[in-house]
Structure formats: C-alpha cells, structure tokens
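Structure data (CSV, C-alpha atoms) from coords_13.csv:
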```csv
chain,number,residue,atom,x,y,z
O,1,MET,CA,4.2,-23.3,5.6
O,2,GLU,CA,3.5,-19.7,4.8
O,3,GLY,CA,0.0,-19.3,3.4
O,4,GLY,CA,-1.5,-16.0,2.3
O,5,PHE,CA,-0.5,-12.6,3.4
O,6,GLY,CA,-2.7,-12.6,6.4
O,7,SER,CA,-1.7,-15.9,7.9
O,8,ASP,CA,2.0,-16.0,8.6
O,9,PHE,CA,4.4,-13.0,8.9
O,10,GLY,CA,7.5,-15.2,8.9
O,11,GLY,CA,6.8,-16.4,12.4
O,12,SER,CA,6.4,-20.1,11.5
O,13,GLY,CA,4.6,-20.5,14.8
O,14,SER,CA,7.7,-20.1,16.8
O,15,GLY,CA,6.7,-16.6,18.0
O,16,LYS,CA,9.9,-15.0,16.6
O,17,LEU,CA,9.5,-12.6,13.7
O,18,ASP,CA,11.8,-12.8,10.7
O,19,PRO,CA,12.5,-9.3,9.4
O,20,GLY,CA,13.7,-10.5,6.0
O,21,LEU,CA,10.5,-12.4,5.3
O,22,ILE,CA,8.3,-9.5,6.5
O,23,MET,CA,10.2,-7.1,4.2
O,24,GLU,CA,9.7,-9.4,1.2
O,25,GLN,CA,6.0,-9.8,1.9
O,26,VAL,CA,5.5,-6.1,2.4
O,27,LYS,CA,7.3,-5.4,-0.9
O,28,VAL,CA,5.0,-7.7,-2.7
O,29,GLN,CA,1.9,-6.1,-1.2
O,30,ILE,CA,3.2,-2.7,-2.1
O,31,ALA,CA,3.7,-3.8,-5.7
O,32,VAL,CA,0.2,-5.3,-5.9
O,33,ALA,CA,-1.3,-2.1,-4.5
O,34,ASN,CA,0.6,0.0,-7.1
O,35,ALA,CA,-0.6,-2.2,-9.9
O,36,GLN,CA,-4.2,-1.9,-8.7
O,37,GLU,CA,-3.9,1.8,-8.5
O,38,LEU,CA,-2.5,2.0,-12.1
O,39,LEU,CA,-5.2,-0.3,-13.4
O,40,GLN,CA,-8.0,1.7,-11.7
O,41,ARG,CA,-6.9,5.0,-13.2
O,42,MET,CA,-6.1,3.5,-16.6
O,43,THR,CA,-9.6,2.0,-16.7
O,44,ASP,CA,-11.2,5.3,-15.8
O,45,LYS,CA,-9.3,7.2,-18.4
O,46,CYS,CA,-9.7,4.7,-21.2
O,47,PHE,CA,-13.4,4.2,-20.5
O,48,ARG,CA,-13.9,8.0,-20.8
O,49,LYS,CA,-11.9,8.1,-24.0
O,50,CYS,CA,-13.4,5.1,-25.8
O,51,ILE,CA,-16.9,4.5,-24.6
O,52,GLY,CA,-19.7,7.0,-25.5
O,53,LYS,CA,-23.2,5.7,-24.9
O,54,PRO,CA,-22.8,2.2,-23.4
O,55,GLY,CA,-24.5,-0.4,-25.5
O,56,GLY,CA,-25.4,-4.0,-24.7
O,57,SER,CA,-21.9,-5.1,-25.2
O,58,LEU,CA,-18.5,-3.6,-25.8
O,59,ASP,CA,-19.0,-4.0,-29.5
O,60,ASN,CA,-22.3,-2.3,-29.4
O,61,SER,CA,-21.2,0.7,-27.4
O,62,GLU,CA,-21.0,3.9,-29.2
O,63,GLN,CA,-17.8,5.7,-29.8
O,64,SER,CA,-17.4,8.5,-27.4
O,65,ARG,CA,-18.9,11.7,-28.9
O,66,ALA,CA,-16.6,13.9,-26.8
O,67,GLU,CA,-13.7,12.2,-28.5
O,68,PRO,CA,-14.5,12.4,-32.2
O,69,CYS,CA,-11.1,11.1,-33.3
O,70,ALA,CA,-11.0,8.0,-31.2
O,71,PRO,CA,-10.9,4.8,-33.2
O,72,PRO,CA,-14.4,3.4,-34.0
O,73,LEU,CA,-13.9,0.0,-32.5
O,74,PRO,CA,-14.0,0.3,-28.7
O,75,GLN,CA,-11.6,-2.7,-28.2
O,76,LYS,CA,-9.0,-1.2,-30.5
O,77,CYS,CA,-9.4,2.1,-28.8
O,78,ILE,CA,-9.1,0.6,-25.3
O,79,ALA,CA,-6.0,-1.4,-26.3
O,80,MET,CA,-4.2,1.6,-27.8
O,81,CYS,CA,-5.3,3.7,-24.8
O,82,MET,CA,-3.8,1.2,-22.4
O,83,ASP,CA,-0.5,1.3,-24.2
O,84,ARG,CA,-0.5,5.1,-24.4
O,85,TYR,CA,-1.3,5.3,-20.7
O,86,MET,CA,1.7,3.1,-19.8
O,87,ASP,CA,3.9,5.3,-22.1
O,88,ALA,CA,2.5,8.4,-20.3
O,89,TRP,CA,3.1,6.8,-16.9
O,90,ASN,CA,6.7,6.0,-17.8
O,91,THR,CA,7.3,9.5,-19.2
O,92,VAL,CA,6.0,11.1,-16.0
O,93,SER,CA,8.0,8.8,-13.8
O,94,ARG,CA,11.2,9.6,-15.7
O,95,ALA,CA,10.5,13.4,-15.7
O,96,TYR,CA,9.7,13.4,-12.0
O,97,ASN,CA,12.8,11.4,-11.2
O,98,SER,CA,15.0,13.9,-13.2
O,99,ARG,CA,13.4,16.8,-11.4
O,100,LEU,CA,14.1,15.3,-8.0
O,101,GLN,CA,17.7,14.7,-8.9
O,102,ARG,CA,18.1,18.2,-10.1
O,103,GLU,CA,16.6,19.5,-6.9
O,104,ARG,CA,19.0,17.4,-4.9
O,105,ALA,CA,22.0,18.6,-6.9
O,106,ASN,CA,20.9,22.3,-6.3
O,107,MET,CA,20.8,21.9,-2.5
U,1,MET,CA,22.0,1.6,22.6
U,2,ASP,CA,21.3,-1.7,21.1
U,3,SER,CA,17.7,-2.1,19.9
U,4,SER,CA,18.2,-5.1,17.7
U,5,SER,CA,18.2,-7.6,20.6
U,6,SER,CA,14.8,-6.3,21.7
U,7,SER,CA,13.1,-6.6,18.4
U,8,SER,CA,10.6,-8.9,19.8
U,9,ALA,CA,9.5,-6.3,22.4
U,10,ALA,CA,6.2,-4.7,21.7
U,11,GLY,CA,7.3,-1.1,22.3
U,12,LEU,CA,7.7,1.3,19.5
U,13,GLY,CA,11.1,2.3,20.8
U,14,ALA,CA,12.5,-1.2,20.2
U,15,VAL,CA,12.2,-1.5,16.5
U,16,ASP,CA,14.8,-3.5,14.6
U,17,PRO,CA,17.0,-0.8,12.9
U,18,GLN,CA,17.0,-2.9,9.7
U,19,LEU,CA,13.2,-2.8,9.6
U,20,GLN,CA,13.2,0.8,10.5
U,21,HIS,CA,15.4,1.7,7.6
U,22,PHE,CA,13.2,-0.5,5.3
U,23,ILE,CA,10.1,1.3,6.4
U,24,GLU,CA,11.7,4.7,5.7
U,25,VAL,CA,12.9,3.7,2.2
U,26,GLU,CA,9.6,2.1,1.2
U,27,THR,CA,7.6,5.1,2.5
U,28,GLN,CA,9.7,7.4,0.4
U,29,LYS,CA,9.3,5.1,-2.6
U,30,GLN,CA,5.5,5.1,-2.1
U,31,ARG,CA,5.4,8.9,-1.9
U,32,PHE,CA,7.1,9.0,-5.3
U,33,GLN,CA,4.8,6.4,-6.8
U,34,GLN,CA,1.6,8.1,-5.6
U,35,LEU,CA,2.7,11.4,-7.1
U,36,VAL,CA,3.5,9.7,-10.4
U,37,HIS,CA,0.0,8.2,-10.4
U,38,GLN,CA,-1.5,11.6,-9.6
U,39,MET,CA,0.5,13.5,-12.2
U,40,THR,CA,-0.1,10.9,-14.9
U,41,GLU,CA,-3.8,11.2,-14.3
U,42,LEU,CA,-3.8,15.0,-14.4
U,43,CYS,CA,-1.4,15.4,-17.3
U,44,TRP,CA,-3.3,12.8,-19.4
U,45,GLU,CA,-6.3,15.2,-19.3
U,46,LYS,CA,-4.1,18.1,-20.5
U,47,CYS,CA,-1.8,16.4,-23.0
U,48,MET,CA,-3.7,13.5,-24.6
U,49,ASP,CA,-6.3,14.1,-27.2
U,50,LYS,CA,-6.4,11.0,-29.2
U,51,PRO,CA,-4.5,7.8,-28.2
U,52,GLY,CA,-2.5,6.8,-31.3
U,53,PRO,CA,-0.2,4.0,-32.2
U,54,LYS,CA,2.5,5.7,-30.2
U,55,LEU,CA,3.2,8.7,-27.9
U,56,ASP,CA,4.1,11.4,-30.3
U,57,SER,CA,6.9,13.9,-29.4
U,58,ARG,CA,4.5,16.8,-28.8
U,59,ALA,CA,2.5,14.8,-26.3
U,60,GLU,CA,5.7,13.5,-24.7
U,61,ALA,CA,7.0,17.1,-24.3
U,62,CYS,CA,3.7,18.1,-22.9
U,63,PHE,CA,3.9,15.4,-20.2
U,64,VAL,CA,7.4,16.5,-19.2
U,65,ASN,CA,6.4,20.2,-19.0
U,66,CYS,CA,3.3,19.1,-17.1
U,67,VAL,CA,5.4,17.4,-14.4
U,68,GLU,CA,7.7,20.4,-14.1
U,69,ARG,CA,4.9,22.9,-13.8
U,70,PHE,CA,3.1,20.7,-11.3
U,71,ILE,CA,6.2,20.6,-9.0
U,72,ASP,CA,6.6,24.4,-9.5
U,73,THR,CA,3.0,24.9,-8.5
U,74,SER,CA,3.4,22.7,-5.5
U,75,GLN,CA,6.6,24.6,-4.4
U,76,PHE,CA,5.0,28.0,-5.0
U,77,ILE,CA,2.0,27.1,-2.9
U,78,LEU,CA,4.2,25.9,0.0
U,79,ASN,CA,6.4,29.0,-0.2
U,80,ARG,CA,3.6,31.5,-0.4
U,81,LEU,CA,1.7,29.8,2.4
U,82,GLU,CA,4.8,30.0,4.6
U,83,GLN,CA,5.1,33.7,3.9
U,84,THR,CA,1.4,34.6,4.4
U,85,GLN,CA,1.5,32.5,7.6
U,86,LYS,CA,4.2,34.7,9.0
U,87,SER,CA,2.2,38.0,8.5
U,88,LYS,CA,-1.3,36.8,8.8
U,89,PRO,CA,-1.7,33.3,10.3
U,90,VAL,CA,-4.4,31.3,8.6
U,91,PHE,CA,-4.3,28.4,11.0
U,92,SER,CA,-4.5,30.3,14.2
U,93,GLU,CA,-3.2,28.6,17.3
U,94,SER,CA,-5.7,30.2,19.6
U,95,LEU,CA,-9.2,29.0,19.1
U,96,SER,CA,-10.7,31.7,21.3
U,97,ASP,CA,-11.4,34.3,18.6
```
File written out as structure tokens:
Amino acid sequence: MEGGFGSDFGGSGSGKLDPGLIMEQVKVQIAVANAQELLQRMTDKCFRKCIGKPGGSLDNSEQSRAEPCAPPLPQKCIAMCMDRYMDAWNTVSRAYNSRLQRERANM
Amino acid sequence: MDSSSSSSAAGLGAVDPQLQHFIEVETQKQRFQQLVHQMTELCWEKCMDKPGPKLDSRAEACFVNCVERFIDTSQFILNRLEQTQKSKPVFSESLSD
C-alpha cells in the first residue's frame, strides 16, 4: 500500500517503477509547494499591512501606523487582505499568461 | 532508438520518454508559477494601498501594467547585456587578467 510521499514511488516492492503513479505524486507535491509559497508571501504582506506594534494577542495588536487606512480590527484587515492578495495573484497570473501568448504570436 | 524498454536502467540516457516530457512540461509550469509569485509580491507593494472589500479597477489596471513593465524590464536587461557583452565582455573567459 502506498504510504507517504517518501515511502513508495509506485514500486510496490516489485522493483519496477510506474511512471503514471510517479507523475501523479510529483504533481501533488508541486501543488503543495505552490500553496505553501503563496501562503508564505500572503502572510508576510498581510502581517505588514495589518499589524503595527504586536500586542499580547491578535485583538490587542495595534493597527499598523504605516497603513493609516487599514481597518481597525486586525482580523478583519487580515481577512480582507487575504482575499485581495488572491485577487491580485489571479490578475497577475492572467496578465502574465496573456503576455506570453502575445509574445508567442509575434514570433 | 528505443529508450522506453530500458526505463529501469539507472543511466540518464535511458529515461522513459513519457517521463521526460512530463518533466519538461512541469518545469515550464513551475517557471511560470514562480514568476507569478514574484510579480504578485512586487506589484502588491506598488499597487495596493488599502485592502478593500474588492480589487478596484485602478488597482487591477496597476497590476496588469506592473506585469507588462516587469517583463519589459527583464527583456531590456537581457538584450542590453547581450549587446554590452559583445563589445566589452563583463564575464571574461580568461581568468588571467
């Protein structure tokens, strides 16, 4: 039985590698890595936007002074920031894709 | 030359063509993804002042412009480096200067 990602690469102990299973596992690992990357950058940006002087809890943390227009409640700010970051990511992805297609059409 | 029958061989020259193609496609996809991550991060700094209930049209246009200008910058740098390399090589091949 296939366990985690490190245990069995579709060999099932027979010594023969199944390319199909390897490809599926690699795709999953890539997806996980991308999600982690997105989360890491999103957390960085939203922390900067929403948290000024860190308090004893999220509720007690001051609003960021560098961002005077951020919503007063950190949780609300972070929640909105997350959604906007996803919007931004999707916009960038679409724009980059369009540009690549335009470049290919011009070749 | 049939390399698929020797996919269990350890040598790099005997990779399953299906796997080879998969690697190429996924590598390409990852290059794209990485650039999207990078540009989103950069453009966020330039285009986003206050996260609101939705992405307003001005911010959206800014992100699109940002992507285009980033690619332009990248191409400009490559082209200029190529040109200056021809006349005055920066990365000299001879290390005995």
From the options U:His21, U:Lys50, U:Leu78, U:Pro89, which residue's atoms come nearest to chain O, counting all atoms listed in the file? U:Lys50
Find the residues of chain U that sit at most 8 Å from chain O; for each, write down the nearest two atoms and how far apart they are in Å, to one decimal. Count only C-alpha atoms. Sort by chain, then by number going up, and give it as a Markdown table.
```
| residue | atom | partner | partner_atom | distance |
| --- | --- | --- | --- | --- |
| U:Ser8 | CA | O:Lys16 | CA | 6.9 |
| U:Gln18 | CA | O:Pro19 | CA | 7.8 |
| U:Leu19 | CA | O:Pro19 | CA | 6.5 |
| U:Phe22 | CA | O:Met23 | CA | 7.3 |
| U:Gln33 | CA | O:Asn34 | CA | 7.7 |
| U:Val36 | CA | O:Ser93 | CA | 5.7 |
| U:His37 | CA | O:Leu38 | CA | 6.9 |
| U:Met39 | CA | O:Val92 | CA | 7.1 |
| U:Thr40 | CA | O:Trp89 | CA | 5.6 |
| U:Glu41 | CA | O:Arg41 | CA | 7.0 |
| U:Trp44 | CA | O:Ala88 | CA | 7.3 |
| U:Asp49 | CA | O:Glu67 | CA | 7.7 |
| U:Lys50 | CA | O:Ala70 | CA | 5.8 |
| U:Pro51 | CA | O:Cys81 | CA | 5.4 |
| U:Gly52 | CA | O:Met80 | CA | 6.5 |
| U:Pro53 | CA | O:Met80 | CA | 6.4 |
| U:Lys54 | CA | O:Arg84 | CA | 6.6 |
| U:Leu55 | CA | O:Arg84 | CA | 6.2 |
| U:Glu60 | CA | O:Thr91 | CA | 7.0 |
| U:Phe63 | CA | O:Val92 | CA | 6.4 |
| U:Val64 | CA | O:Ala95 | CA | 5.6 |
| U:Val67 | CA | O:Tyr96 | CA | 6.3 |
| U:Glu68 | CA | O:Arg99 | CA | 7.3 |
```
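Distances here use all atoms listed in the file; by that measure, the residue among O:Val28, O:Gln101, O:Met107, O:Asp59 closest to Pro74 (chain O) is O:Asp59.
The space between CA of Cys62 (chain U) and CA of Thr27 (chain U) spans 28.8 Å.
Note that the spacing between CA of Arg48 (chain O) and CA of Arg31 (chain U) amounts to 27.0 Å.
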Atom-to-atom span, CA of Leu73 (chain O) and CA of Lys46 (chain U), Å: 23.8 Å
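The closest residue to Ile71 (chain U), picked from O:Ala33, O:Glu103, O:Ser57, O:Phe47 and counting only C-alpha atoms, is O:Glu103.
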